[in-house]
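As provided, entry.csv (CSV, C-alpha atoms) reads as follows.
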chain,number,residue,atom,x,y,z
A,1,TYR,CA,66.9,96.5,-18.3
A,2,LYS,CA,68.8,99.0,-20.4
A,3,LYS,CA,65.9,101.3,-20.9
A,4,ALA,CA,65.1,101.4,-17.2
A,5,ASP,CA,68.7,102.0,-16.3
A,6,ASN,CA,68.9,104.9,-18.7
A,7,VAL,CA,65.8,106.5,-17.3
A,8,TYR,CA,67.2,106.4,-13.8
A,9,LYS,CA,70.7,107.5,-15.0
A,10,ASP,CA,69.2,110.6,-16.4
A,11,VAL,CA,67.2,111.3,-13.3
A,12,LYS,CA,70.3,110.8,-11.1
A,13,LYS,CA,72.2,113.3,-13.2
A,14,ILE,CA,69.6,115.9,-12.5
A,15,SER,CA,69.6,115.0,-8.8
A,16,GLN,CA,73.4,115.2,-8.5
A,17,SER,CA,73.6,118.5,-10.3
A,18,VAL,CA,71.5,120.2,-7.6
A,19,LYS,CA,73.1,120.3,-4.1
A,20,ASP,CA,70.3,122.1,-2.1
A,21,THR,CA,67.7,119.7,-0.8
A,22,THR,CA,64.8,122.0,-1.5
A,23,ASP,CA,66.0,122.9,-5.0
A,24,LYS,CA,66.5,119.2,-5.8
A,25,TYR,CA,63.0,118.4,-4.8
A,26,LYS,CA,61.6,121.2,-6.9
A,27,GLU,CA,63.6,120.2,-9.9
A,28,LEU,CA,62.4,116.6,-9.8
A,29,HIS,CA,58.9,117.6,-8.9
A,30,THR,CA,58.8,119.7,-12.0
A,31,ILE,CA,59.6,116.6,-14.1
A,32,ASN,CA,57.0,114.5,-12.2
A,33,THR,CA,54.5,116.0,-9.8
A,34,ASP,CA,54.2,112.5,-8.2
A,35,TYR,CA,57.8,112.7,-6.9
A,36,ARG,CA,57.9,112.5,-3.1
A,37,PHE,CA,61.4,111.8,-1.9
A,38,TRP,CA,64.8,110.1,-2.7
A,39,ILE,CA,65.7,106.8,-1.0
A,40,THR,CA,69.2,105.3,-0.5
A,41,VAL,CA,70.4,102.2,1.4
A,42,ASP,CA,73.9,101.9,2.7
A,43,ASN,CA,76.2,99.5,0.8
A,44,THR,CA,73.7,98.7,-1.9
A,45,ASN,CA,72.9,100.2,-5.3
A,46,ILE,CA,69.5,101.4,-4.0
A,47,ASP,CA,69.6,105.1,-4.9
A,48,TYR,CA,66.3,106.1,-6.4
A,49,PRO,CA,63.5,108.7,-6.6
A,50,VAL,CA,60.3,107.5,-5.0
A,51,VAL,CA,56.9,108.5,-6.6
A,52,GLN,CA,53.3,108.1,-5.4
A,53,GLY,CA,50.4,107.6,-7.6
A,54,THR,CA,46.6,107.6,-7.0
A,55,ASN,CA,46.7,103.8,-6.8
A,56,ASN,CA,49.3,101.0,-6.5
A,57,ASP,CA,49.0,99.8,-10.1
A,58,TYR,CA,50.1,102.7,-12.3
A,59,TYR,CA,53.8,102.7,-11.3
A,60,LEU,CA,54.1,99.0,-11.5
A,61,ASN,CA,54.7,99.5,-15.3
A,62,HIS,CA,55.4,103.2,-15.7
A,63,ASP,CA,58.8,105.0,-15.4
A,64,PHE,CA,59.6,108.3,-13.7
A,65,ASN,CA,58.6,110.2,-16.8
A,66,LYS,CA,55.2,108.4,-16.8
A,67,ASN,CA,56.1,106.4,-19.9
A,68,TYR,CA,55.2,102.7,-20.1
A,69,LEU,CA,58.0,100.6,-18.9
A,70,SER,CA,57.6,97.0,-17.7
A,71,SER,CA,60.0,97.4,-14.8
A,72,GLY,CA,58.0,100.3,-13.4
A,73,SER,CA,59.3,102.6,-10.7
A,74,ILE,CA,60.0,102.7,-7.0
A,75,PHE,CA,56.8,104.0,-5.5
A,76,MET,CA,55.1,104.6,-2.2
A,77,ASP,CA,51.7,103.3,-1.3
A,78,TYR,CA,49.0,105.7,-2.4
A,79,ARG,CA,47.4,105.6,1.1
A,80,ASN,CA,50.6,106.9,2.8
A,81,ASN,CA,51.0,110.4,4.1
A,82,PHE,CA,54.7,110.6,4.6
A,83,GLU,CA,54.7,114.3,5.4
A,84,GLU,CA,52.6,113.6,8.6
A,85,SER,CA,53.7,110.1,9.7
A,86,LYS,CA,57.3,109.8,8.4
A,87,SER,CA,56.4,106.2,7.8
A,88,ALA,CA,55.9,104.6,4.4
A,89,THR,CA,55.3,101.4,2.5
A,90,ILE,CA,57.5,101.5,-0.5
A,91,TYR,CA,57.3,99.1,-3.5
A,92,GLY,CA,60.0,98.2,-6.0
A,93,HIS,CA,60.6,95.3,-8.4
A,94,HIS,CA,63.3,92.6,-7.7
A,95,MET,CA,65.1,92.9,-11.0
A,96,ARG,CA,67.3,90.1,-12.3
A,97,ASN,CA,70.1,92.5,-13.0
A,98,LYS,CA,70.2,93.3,-9.3
A,99,THR,CA,68.7,96.8,-9.7
A,100,MET,CA,65.8,98.6,-8.1
A,101,PHE,CA,65.0,96.7,-4.8
A,102,ALA,CA,66.8,93.4,-5.6
A,103,GLN,CA,69.7,94.2,-3.2
A,104,LEU,CA,67.3,94.4,-0.2
A,105,THR,CA,68.0,90.6,0.0
A,106,LYS,CA,71.4,91.5,1.4
A,107,PHE,CA,69.6,92.1,4.7
A,108,LYS,CA,69.0,88.3,4.8
A,109,ASP,CA,72.8,87.9,5.4
A,110,LYS,CA,73.5,88.0,9.1
A,111,ASP,CA,76.8,89.9,8.7
A,112,PHE,CA,75.3,92.5,6.4
A,113,PHE,CA,72.3,93.0,8.8
A,114,ASN,CA,74.5,93.4,11.8
A,115,GLN,CA,76.6,96.1,10.1
A,116,ASN,CA,73.7,98.4,10.8
A,117,ASN,CA,73.3,99.6,7.2
A,118,LEU,CA,70.9,102.5,7.3
A,119,ILE,CA,68.1,103.6,5.0
A,120,LYS,CA,68.0,107.4,4.2
A,121,ILE,CA,65.1,109.3,2.8
A,122,GLU,CA,65.5,112.9,1.6
A,123,ASP,CA,62.4,114.9,1.0
A,124,GLU,CA,61.8,118.6,0.2
A,125,ASN,CA,63.2,119.9,3.5
A,126,ASN,CA,64.8,117.1,5.5
A,127,THR,CA,66.8,113.9,5.5
A,128,TYR,CA,65.5,111.0,7.6
A,129,THR,CA,67.6,108.1,8.7
A,130,TYR,CA,66.1,104.7,9.5
A,131,GLU,CA,67.6,101.7,11.2
A,132,VAL,CA,66.5,98.3,10.0
A,133,PHE,CA,65.3,96.2,12.9
A,134,SER,CA,63.4,93.4,11.1
A,135,VAL,CA,63.3,91.9,7.7
A,136,TYR,CA,60.7,89.5,6.2
A,137,GLN,CA,60.5,87.6,2.9
A,138,ILE,CA,57.0,86.6,2.0
A,139,LYS,CA,56.7,83.2,0.3
A,140,LYS,CA,55.9,83.3,-3.4
A,141,GLU,CA,52.7,81.4,-3.1
A,142,ASN,CA,51.4,84.1,-0.7
A,143,ASN,CA,52.6,87.1,-2.7
A,144,ARG,CA,52.8,87.3,-6.5
A,145,ASN,CA,55.8,89.6,-6.3
A,146,ASN,CA,57.8,87.4,-3.9
A,147,ALA,CA,58.4,90.6,-2.0
A,148,ASN,CA,60.8,91.4,0.8
A,149,MET,CA,59.2,93.6,3.5
A,150,ILE,CA,61.0,96.0,5.8
A,151,ILE,CA,58.9,97.9,8.3
A,152,LEU,CA,60.2,101.4,9.0
A,153,GLY,CA,59.1,104.3,11.2
A,154,ALA,CA,60.1,106.8,13.8
A,155,SER,CA,60.2,105.9,17.4
A,156,GLY,CA,56.6,105.6,18.7
A,157,SER,CA,55.0,105.4,15.3
A,158,GLY,CA,53.6,101.9,16.0
A,159,LYS,CA,56.0,99.4,14.4
A,160,SER,CA,55.9,97.0,17.4
A,161,THR,CA,52.2,97.4,17.8
A,162,LEU,CA,51.7,96.6,14.2
A,163,LEU,CA,53.8,93.5,14.5
A,164,ASN,CA,52.0,92.4,17.6
A,165,VAL,CA,48.6,92.8,15.9
A,166,ILE,CA,49.8,90.9,12.8
A,167,SER,CA,51.0,88.0,15.1
A,168,GLY,CA,47.7,88.1,17.1
A,169,LEU,CA,49.3,89.2,20.4
A,170,ASP,CA,47.4,92.5,20.4
A,171,SER,CA,43.9,93.2,19.2
A,172,TYR,CA,42.9,96.0,16.8
A,173,GLU,CA,40.1,98.5,17.3
A,174,GLU,CA,39.6,99.7,13.7
A,175,GLY,CA,40.1,98.2,10.2
A,176,GLU,CA,40.3,94.6,9.2
A,177,MET,CA,42.9,91.9,9.2
A,178,TYR,CA,42.9,88.8,7.0
A,179,ILE,CA,44.8,85.5,7.4
A,180,ASN,CA,44.8,83.3,4.3
A,181,GLY,CA,41.9,85.3,2.9
A,182,GLU,CA,39.8,84.9,6.1
A,183,GLU,CA,38.7,88.0,8.1
A,184,THR,CA,39.8,87.6,11.7
A,185,SER,CA,37.4,89.8,13.8
A,186,HIS,CA,35.8,86.6,15.1
A,187,TYR,CA,39.1,85.0,16.1
A,188,GLY,CA,39.6,83.9,19.7
A,189,GLU,CA,42.9,83.3,21.6
A,190,SER,CA,42.9,79.6,20.5
A,191,ASP,CA,42.6,80.6,16.9
A,192,PHE,CA,45.5,83.0,17.1
A,193,GLU,CA,47.6,80.4,19.0
A,194,GLU,CA,47.0,77.9,16.1
A,195,TYR,CA,47.9,80.7,13.6
A,196,ARG,CA,51.1,81.5,15.4
A,197,LYS,CA,52.1,77.9,15.7
A,198,LYS,CA,51.8,77.4,11.9
A,199,TYR,CA,52.9,80.7,10.4
A,200,VAL,CA,54.6,83.1,12.9
A,201,SER,CA,58.0,83.3,14.5
A,202,ASN,CA,58.5,86.2,17.0
A,203,ILE,CA,61.6,87.7,18.6
A,204,PHE,CA,60.4,90.0,21.4
A,205,GLN,CA,62.1,93.2,22.2
A,206,ASN,CA,61.7,92.6,25.9
A,207,PHE,CA,62.3,88.8,25.6
A,208,ASN,CA,58.9,88.3,27.4
A,209,LEU,CA,58.7,84.7,26.1
A,210,VAL,CA,57.0,83.0,29.0
A,211,ASN,CA,53.9,85.3,29.3
A,212,ASN,CA,53.3,85.6,25.6
A,213,ILE,CA,53.9,82.1,24.3
A,214,LEU,CA,53.7,79.5,27.1
A,215,LYS,CA,50.5,78.8,28.8

Please express what this file holds, its structure, as structure tokens.
Amino acid sequence: YKKADNVYKDVKKISQSVKDTTDKYKELHTINTDYRFWITVDNTNIDYPVVQGTNNDYYLNHDFNKNYLSSGSIFMDYRNNFEESKSATIYGHHMRNKTMFAQLTKFKDKDFFNQNNLIKIEDENNTYTYEVFSVYQIKKENNRNNANMIILGASGSGKSTLLNVISGLDSYEEGEMYINGEETSHYGESDFEEYRKKYVSNIFQNFNLVNNILK
């Protein structure tokens, strides 16, 4: 833990020494060309640089300086193009000393969630603010990292559509979706009804419960 803390402590010193957003980006990008942006979450200790590799394995065990470190780094999915979509999937370990993304679990507390604690991302030119509208914790047997998942994105970017597709309420035209390792392109409505009954709980934005759930 100490080694990881020291790495981030040094990076934060550099970040705090530069006030201009663009200059800060350039300074950190000089150290690591994989640097993409800085992320903070209100009322947590989440205050980290975010990198992006060419795969989702490298930064699981490499630090910001690209040295081997078992605790890895906070990193964005290699398939994301944040500059265009302003949406991102960001990974980080749940450390036992409550660093990195461990304090995301605070959002499971109803009072903390309702305080509207915001997530801020600062890239080369702008600062983006995201409101958390939904939080999930994936069961350990279904995810080796026992990860928490928060879906973020600007208005109209497809957050609700994605959740509707995942829950089987909307169909998808491209790509593939797997449920318990099974590809779902052959699923009919009865298959998705059984899937929702066992695995999914929905709270609809428009409270359209009768049309979507009851037959």

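Residues within 10 Å of region 11-26 of chain A, counting only C-alpha atoms and excluding same-chain residues fewer than 2 positions away, are A:Asp5, A:Asn6, A:Val7, A:Tyr8, A:Lys9, A:Leu28, A:His29, A:Thr30, A:Ile31, A:Asn32, A:Thr33, A:Tyr35, A:Arg36, A:Phe37, A:Trp38, A:Asp47, A:Tyr48, A:Pro49, A:Phe64, A:Asn65, A:Glu122, A:Asp123, A:Glu124, A:Asn125, A:Asn126, A:Thr127.
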
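CA of Tyr136 (chain A) lies 17.0 Å from CA of Gly168 (chain A).
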
Per-residue nearest contacts of region 156-204 of chain A to region 67-88 of chain A (12 Å; only C-alpha atoms) as CSV:
residue,atom,partner,partner_atom,distance
A:Gly156,CA,A:Ser85,CA,10.5
A:Ser157,CA,A:Ser85,CA,7.4
A:Gly158,CA,A:Ser87,CA,9.7
A:Lys159,CA,A:Ser87,CA,9.5

Using all atoms listed in the file, the residue out of A:Ile166, A:Val200, A:Val51, A:Val41 with shortest distance to Thr89 (chain A) is A:Val51

Atomic distance CA of His62 (chain A) - CA of Thr44 (chain A), expressed in Å with one decimal:
23.4 Å

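Atom to atom, CA of Ile121 (chain A) and CA of Leu60 (chain A) stand 20.8 Å apart.
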
Close residues, Thr99 (chain A) itself excluded, 10 Å, all atoms listed in the file, min 4 positions apart in chain, as a ChimeraX atom specification
/A:1,4-5,44-47,92-95,103-104

Determine, counting only C-alpha atoms, which protein, DNA and RNA residues have an atom within 8 Å of an atom of Asn117 (chain A); residues of the same chain fewer than 4 positions away are not included. Present the result as a VMD selection string.
chain A and resid 41 to 43 112 to 113 131 to 132

Of the candidates A:Tyr195, A:Tyr128, A:Val135, A:Ser167, which shows the shortest atom-to-atom distance to Lys106 (chain A), using all atoms listed in the file?
A:Val135

Smallest atom-to-atom distance to Asp34 (chain A): which of A:Asn55, A:Ser134, A:Ser190, A:Thr184, using all atoms listed in the file?
A:Asn55
